[in-house]
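For reference, the structure discussed in these notes is given below.
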2 protein chains.
Amino acid sequence: MMRHRPQLPRPTEAELELLNILWEKGPATVRDLHQAVAVKRTIGYTSVLKLLQIMTEKGLVEREESGKAHIYRPVGTQQETQSQLVREMSERLFSGSAAALAIHALSMEPVSDRELEELRHLIEQKRKQP
Amino acid sequence: MMRHRPQLPRPTEAELELLNILWEKGPATVRDLHQAVAVKRTIGYTSVLKLLQIMTEKGLVEREESGKAHIYRPVGTQQETQSQLVREMSERLFSGSAAALAIHALSMEPVSDRELEELRHLIEQKRKQP
DNA sequence: AGTCACCTACGAAACTTTTCGTTGACAAGT
DNA sequence: ACTTGTCAACGAAAAGTTTCGTAGGTGACT
């Protein structure tokens, strides 16, 4: 029997920044994460450390404490988190219509051919099973 | 010459709740807004008042002080705000790809026929002008 | 005039988020 | 043994968000 995780809290902006790095690069130490963030903006090492400690309490990440430097890994997947935030955004911004969000996003930005193909495919799927 | 508004700050969650009501129902007093919010959740009258005072400082709303009860109206349009938040979300959650956000939103939710039509139309437009 | 109803303004408490300094542990190099 | 570098833990400051109590003003009704 598949056990569900208790619903994870919504990550804050700074927390999401760390999760993005973890999803892209895999499990990492505080130093790894600090270096990755420091490329984009100035932030102290202990700020990243504290963030990760809070994220561990919240259940957003887990850590392996075997070695000297702990290794952090995300608990939720990127997909799950994207879904959670997209759903919340569609509720708060488009009265719950994810499709309205999609339409808005689409009419806003350059879209690659590959993405256009994917969208057409998705729409075909939706058409077949209403 | 069209003057641009200085970029409005991102509304907080509670602020967005009030803006949604203003966009839907038009300019309103504190009482109007409090009543509308109180339908969904318990909140004190002065909490709404304070929020609106802060939003006025931030430039998110303007108020007419002519009568006894001030009348508040949104400064940014719903579209502008949606675009701002969708863009920020696509940056933080999909590496800046609004199309990826659209795809994700679309694959998640029931979509009405009308929305499907609109999406197909949008995609056709995009195809014609790459 | 006194009271009631309704309004804004203000301050501040409670909470969350972000940031970082300080401390103490531990190991590697001198 | 001592110094240096790296690490986690902790506390706390600073800023932002959300909530509401209290005070003071104004007009209407008795």
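Order determines the names: the first chain of the structure tokens is A, the second B, and so forth; residues in each chain are numbered 1 upward, and ligands are numbered 1 upward as they are shown.
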
Contacts from chain B to chain A, 7 Å maximum, only C-alpha atoms: show me the residue list as a tab-separated table (two decimals) with N, CA and C atoms, in the first residue's frame.
chain	number	residue	atom	x	y	z
B	82	GLN	N	-2.29	39.95	-13.24
B	82	GLN	CA	-2.15	38.54	-13.62
B	82	GLN	C	-0.85	38.34	-14.38
B	86	VAL	N	2.03	35.91	-13.11
B	86	VAL	CA	2.31	34.74	-13.94
B	86	VAL	C	3.77	34.77	-14.40
B	93	LEU	N	9.44	29.16	-11.03
B	93	LEU	CA	8.99	27.77	-10.99
B	93	LEU	C	9.28	27.01	-12.29
B	98	ALA	N	7.07	30.70	-19.69
B	98	ALA	CA	5.63	30.80	-19.47
B	98	ALA	C	4.90	29.66	-20.18
B	99	ALA	N	5.49	29.21	-21.29
B	99	ALA	CA	4.86	28.10	-22.01
B	99	ALA	C	4.89	26.83	-21.18
B	102	ALA	N	2.18	27.02	-18.82
B	102	ALA	CA	0.90	26.76	-19.48
B	102	ALA	C	0.68	25.26	-19.67
B	103	ILE	N	1.71	24.60	-20.13
B	103	ILE	CA	1.61	23.16	-20.35
B	103	ILE	C	1.28	22.44	-19.05
B	105	ALA	N	-0.14	23.66	-16.35
B	105	ALA	CA	-1.49	23.99	-15.89
B	105	ALA	C	-2.53	23.21	-16.69
B	106	LEU	N	-2.26	23.09	-17.97
B	106	LEU	CA	-3.22	22.45	-18.86
B	106	LEU	C	-3.34	20.96	-18.59
B	107	SER	N	-2.23	20.34	-18.27
B	107	SER	CA	-2.25	18.89	-18.09
B	107	SER	C	-2.79	18.50	-16.73
B	109	GLU	N	-5.87	19.92	-15.18
B	109	GLU	CA	-7.21	20.31	-14.77
B	109	GLU	C	-8.22	20.04	-15.87
B	111	VAL	N	-10.77	21.07	-18.51
B	111	VAL	CA	-10.80	22.26	-19.35
B	111	VAL	C	-12.10	22.26	-20.14
B	115	GLU	N	-12.75	26.87	-23.51
B	115	GLU	CA	-11.33	27.14	-23.26
B	115	GLU	C	-10.44	26.39	-24.24
B	116	LEU	N	-10.84	25.18	-24.56
B	116	LEU	CA	-10.08	24.41	-25.54
B	116	LEU	C	-10.05	25.15	-26.87
B	119	LEU	N	-7.69	28.03	-26.71
B	119	LEU	CA	-6.30	27.60	-26.74
B	119	LEU	C	-5.88	27.24	-28.15
B	122	LEU	N	-5.29	30.35	-30.03
B	122	LEU	CA	-4.02	30.96	-29.61
B	122	LEU	C	-2.83	30.27	-30.26
B	123	ILE	N	-2.90	28.96	-30.28
B	123	ILE	CA	-1.78	28.19	-30.84
B	123	ILE	C	-1.67	28.44	-32.33

Per-residue nearest contacts chain D to region 2-23 of chain C, cut-off 9 Å, using only C-alpha atoms (C1' of nucleotides), as a tab-separated table:
residue	atom	partner	partner_atom	distance
D:DA9	C1'	C:DT23	C1'	8.6
D:DC10	C1'	C:DT23	C1'	8.5
D:DA13	C1'	C:DT19	C1'	8.5
D:DA14	C1'	C:DT19	C1'	7.9
D:DA15	C1'	C:DT18	C1'	7.9
D:DG16	C1'	C:DT17	C1'	7.4
D:DT17	C1'	C:DT16	C1'	7.4
D:DT18	C1'	C:DC15	C1'	7.9
D:DT19	C1'	C:DA14	C1'	8.0
D:DC20	C1'	C:DA13	C1'	8.9
D:DA23	C1'	C:DC10	C1'	8.6
D:DG24	C1'	C:DA9	C1'	8.7
D:DG25	C1'	C:DC7	C1'	8.1
D:DT26	C1'	C:DC7	C1'	8.1
D:DA28	C1'	C:DA5	C1'	8.7
D:DC29	C1'	C:DC4	C1'	8.3
D:DT30	C1'	C:DT3	C1'	8.5

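Rounded to one decimal, CA of Val48 (chain B) and CA of Gly76 (chain B) lie 19.2 Å from each other.
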
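Computed from the coordinates, the C1' of DA8 (chain D) to CA of Leu18 (chain A) distance equals 18.2 Å.
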
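Minimum distance to chain C across B:Arg31, B:Lys68, B:Arg5, B:Arg10 (counting only C-alpha atoms (C1' of nucleotides)) occurs at B:Lys68.
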
Here CA of Glu65 (chain A) and CA of Leu51 (chain A) stand apart by 16.5 Å

Interface, chain B side, toward chain C (9 Å; only C-alpha atoms (C1' of nucleotides)) as a PyMOL selection string
chain B and resi 49+68-70

I need the chosen residues saved as a PDB file, in the first residue's frame, with C-alpha atoms.
ATOM      1  CA  LEU B  49      -9.354  49.099   6.744  1.00  0.00           C
ATOM      2  CA  LYS B  68     -17.653  60.204   4.795  1.00  0.00           C
ATOM      3  CA  ALA B  69     -16.716  56.719   3.745  1.00  0.00           C
ATOM      4  CA  HIS B  70     -13.755  56.660   1.362  1.00  0.00           C
TER       5      HIS B  70
END

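Using only C-alpha atoms (C1' of nucleotides), the smallest distance between any of D:DA1, D:DG11, D:DT6, D:DG21 and chain B comes from D:DG21.
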
Contacts between chain D and chain B, please, where a residue of chain B counts if it comes within 7 Å (with only C-alpha atoms (C1' of nucleotides)); show its shortest atom pair and distance in Å to one decimal, rows by chain and ascending number, as CSV.
residue,atom,partner,partner_atom,distance
B:Gly44,CA,D:DC20,C1',6.8
B:Thr46,CA,D:DC20,C1',6.6
B:Ser47,CA,D:DT19,C1',5.9

Residue selection dump (C-alpha atoms) as a short mmCIF file (atom, residue, chain, number, x, y, z; two decimals), in the first residue's frame:
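Final file, out.cif:
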data_model
loop_
_atom_site.label_atom_id
_atom_site.label_comp_id
_atom_site.auth_asym_id
_atom_site.auth_seq_id
_atom_site.Cartn_x
_atom_site.Cartn_y
_atom_site.Cartn_z
CA GLY B 44 -12.39 42.26 11.59
CA THR B 46 -10.42 47.35 10.99
CA SER B 47 -8.20 44.66 9.55
#

Determine the nearest neighbour of Lys50 (chain A) from the options A:Pro9, A:Val30, A:Gly67, A:Gln129, counting only C-alpha atoms.
A:Val30

DSSP strand (DSSP E or B) selection over chain A, as an NGL selection string:
:A and (28 or 61-64 or 71-74)
